[in-house]
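> First the structure, then my questions, so here it is.
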Amino acid sequence: MTSAATTSILPRRGGFFGALSDAFWRRPKLLLFLMLTPPLLWLGIIYIGSLLALLLQSFFSVDEFSGLINYEFTLATYAELLRPANFDIILRTVIMAAAVTLFSAAIGFPIAYYAARYAKGKWKAIFYLGIMLPLWSSYLVKIYAWKLILAKEGILTWIFAKLHLLWLLDGILALPVIGGNSLSISYIGTFLVFVYIWLPYMILPTQAALERVPGNLLEASSDLGATPRQTFRTVLLPLALPGIIAGSIFTFSLTLGDYIIPQIIGSSRLFIGQAVYSQQGTAGNVPLAAAFSVVPIVIMAIYLWIAKRQGAFDAL
Amino acid sequence: MRSDRGHRAPLVLKIAAGAGLLFLHLPILLIFVYAFTTEEKSYQWPPPGFTTQWFAVTWNRPDVWQALGLSVQVATIATAIALLLGTLCAAAVSQTKFFGREAISLLVILPIALPGIITGIALRSAFSLFDIPFSVWTIILGHATFCVVVVYNNAVARFRRTSGSLIEASMDLGADGFQTFRHVVLPNIGTALLAGGMLAFALSFDEVIVTTFTGGQQSTLPIWMLEELIRPRQRPVTNVVAMVVVLVTFLPILAAYYLTRDGDQVAGSGK
């Protein structure tokens with residue numbers, strides 16, 4: 001670089017890479033274009049293309065007699081969703097998603113609150129990893145663990161027996177609709193596993209929102225004479241709500257689309273995910289499967305729109 | 001600044017938080033106990049006895065090794081693709097301003113924001129539309145698509161903290177674009193990429209929903225596990241595999257945590 005000392009304008013760089021580097025410096029747009037092309041091609045063509053292909057299929061229909069796909073535009077497949085058998089599946093899934101979301105919010109809040117306000121130093125790290133490790137550990141292994149727990153000969157029945165509470169367990173299982181022969185083939189079992197698997201997704205955004213609540217706000221509230229209960233209801237909860245809503249996006253969406261958990265632990269009545277899977281697989285009715293999978297997309301779009309209005313995205 | 005440093009947590013809160021953490025961890029610990037049980041036919045608790053013989057049985061099962069091998073292969077290639085695409089995207093989004101930036105962030109996050117079953121069935125219907133036969137590559141294709149977001153999240157977070165003036169200084173001092181990338185940018189984002197890559201690997205290694213749609217005859221370890229869950233053949237072998245999977249997935253997560261704990265978020269926006 002001797003020439004650099006004599007002139008203020010550097011000579012062109014030699015070699016292919018030098019020239020390329022100069023070209024990028026002169027035209028930043030070119031570099032930007034080259035950087036964006038591969039990811040956009042991949043996601044645009046493979047992913048968005050596939051989604052559109054799916055959407056397209058939902059406007060076709062299946063001939064009831066031949067079982068072949070009729071490639072003409074029709075809304076008949078969507079009308080089929082409103083049949084009682086199919087509509088029940090949608091309703092059941094949405095109710096389950098709502099119940100899982102509410103329960104996760106209730107038991108996730110104390111963990112998030114403690115981690116955000118009281119845990120310091122080593123405990124902060126323990127809480128962080130304590131939430132992260134279950135979040136990232138294998139989904140199937142977690143479901144398997146619950147199969148072990150909920151089995152009739154498993155640990156939960158054993159605990160109830162040791163506490164002489166078997167009558168209570170039998171009473172719960174005898175309840176209509178949510179009960180069943182054993183916990184692992186009842187809605188209660190499905191519900192518990194859903195809550196367990198998605199709980200960390202609720203805790204993390206709630207904790208993030210709570211960490212941003214200034215402590216002196218709570219002190220001011222109690223200085224002004226509010227009871228702890230009032231402070232919680234009128235100060236803390238409204239400020240934490242965007243975080244809870246952000247978490248509920250995950251718990252709600254993940255429950256809507258899951259088909260493995262109700263297949264392994266639960267009654268034989270289908271959820272949306274299972275309906276999609278069986279329609280495209282054994283039943284061979286891809287248009288109906290496509291229409292079914294549009295349902296969670298639409299529900300989530302509405303949900304996200306409401307969440308955005310509540311300011312939930314700032315808490316993510 | 002918080003003014004409540006000296007305050008202690010109410011007992012009820014302590015109990016609720018502790019019980020919540022236990023709820024998250026006890027089921028996983030239970031897996032470790034079951035890996036040593038002598039019971040073969042049921043999930044009996046308490047275990048009638050303890051043995052280590054199932055580790056040897058599992059070790060000699062070729063189907064387990066095959067599934068493991070395929071999983072590692074898929075996760076490695078998918079992670080490599082995700083690293084490349086995610087870094088490029090993160091660099092473009094964070095270093096420059098251009099029209100449609102928000103749309104690109106959304107596009108990257110979409111494969112993970114929509115339920116896995118939709119990604120899966122969308123890919124499957126696209127494959128069947130173009131008569132693409134199922135193979136290892138169709139599995140990798142699906143995995144790479146949703147792994148991009150993890151790398152992207154980590155890289156964007158790091159790029160935001162890395163000041164752009166470093167790059168300008170390097171250029172002013174006569175380094176060309178490639179030298180700047182090699183000596184200035186890469187050391188700065190290296191650990192974030194490593195963390196993102198490890199999380200992407202863990203994500204791909206564990207993925208089952210998309211794989212059921214994009215895989216043909218090949219079974220990855222989660223697919224093997226799913227088959228065992230639906231139709232158990234040899235329960236103790238499943239117990240041992242489950243325990244090993246827990247141990248294997250904990251390592252990259254702990255490593256990713258230590259690599260990014262200084263202020264970065266480790267893929268905090270979820271899987």
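If you're wondering about the labels, chains in the structure tokens are A, B, ... by order shown, residues count from 1 in each chain, ligands from 1 in order shown.
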For chain B against chain A, which residues fall within 7 Å using only C-alpha atoms, given as JSON, numbers by chain?
{"B": [2, 3, 4, 9, 13, 16, 17, 20, 21, 24, 25, 27, 28, 30, 31, 43, 44, 45, 85, 88, 89, 92, 115, 116, 117, 118, 122, 123, 125, 126, 145, 176, 177, 178, 206, 222, 230, 242, 246, 249, 250, 269, 270]}
> May I have the residues within 10 Å of Tyr152 in chain B as a count of residues only, using only C-alpha atoms and disregarding those fewer than 3 positions away in the same chain?
26
> What does the structure give for the distance between CA of Phe99 in chain B and CA of Arg27 in chain A, in Å to one decimal?
16.8 Å
> Mind checking DSSP for range 109-211 of chain A and telling me the alpha helix (DSSP H) residues as a count of residues only?
77
> Measuring atom to atom with only C-alpha atoms, identify which of A:Arg12, A:Arg92, A:Lys124, A:Arg26 is nearest to Leu270 in chain A.
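Smallest separation from Leu270 in chain A among the options: A:Arg92.
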> With only C-alpha atoms as the counted atoms, please give the residues lying no more than 6 Å from Ala78 in chain B, apart from itself and same-chain residues fewer than 5 positions off, as a list in words.
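Neighbouring residues, sequence-local ones excluded: Ile140, His143 and Ala144 of chain B.
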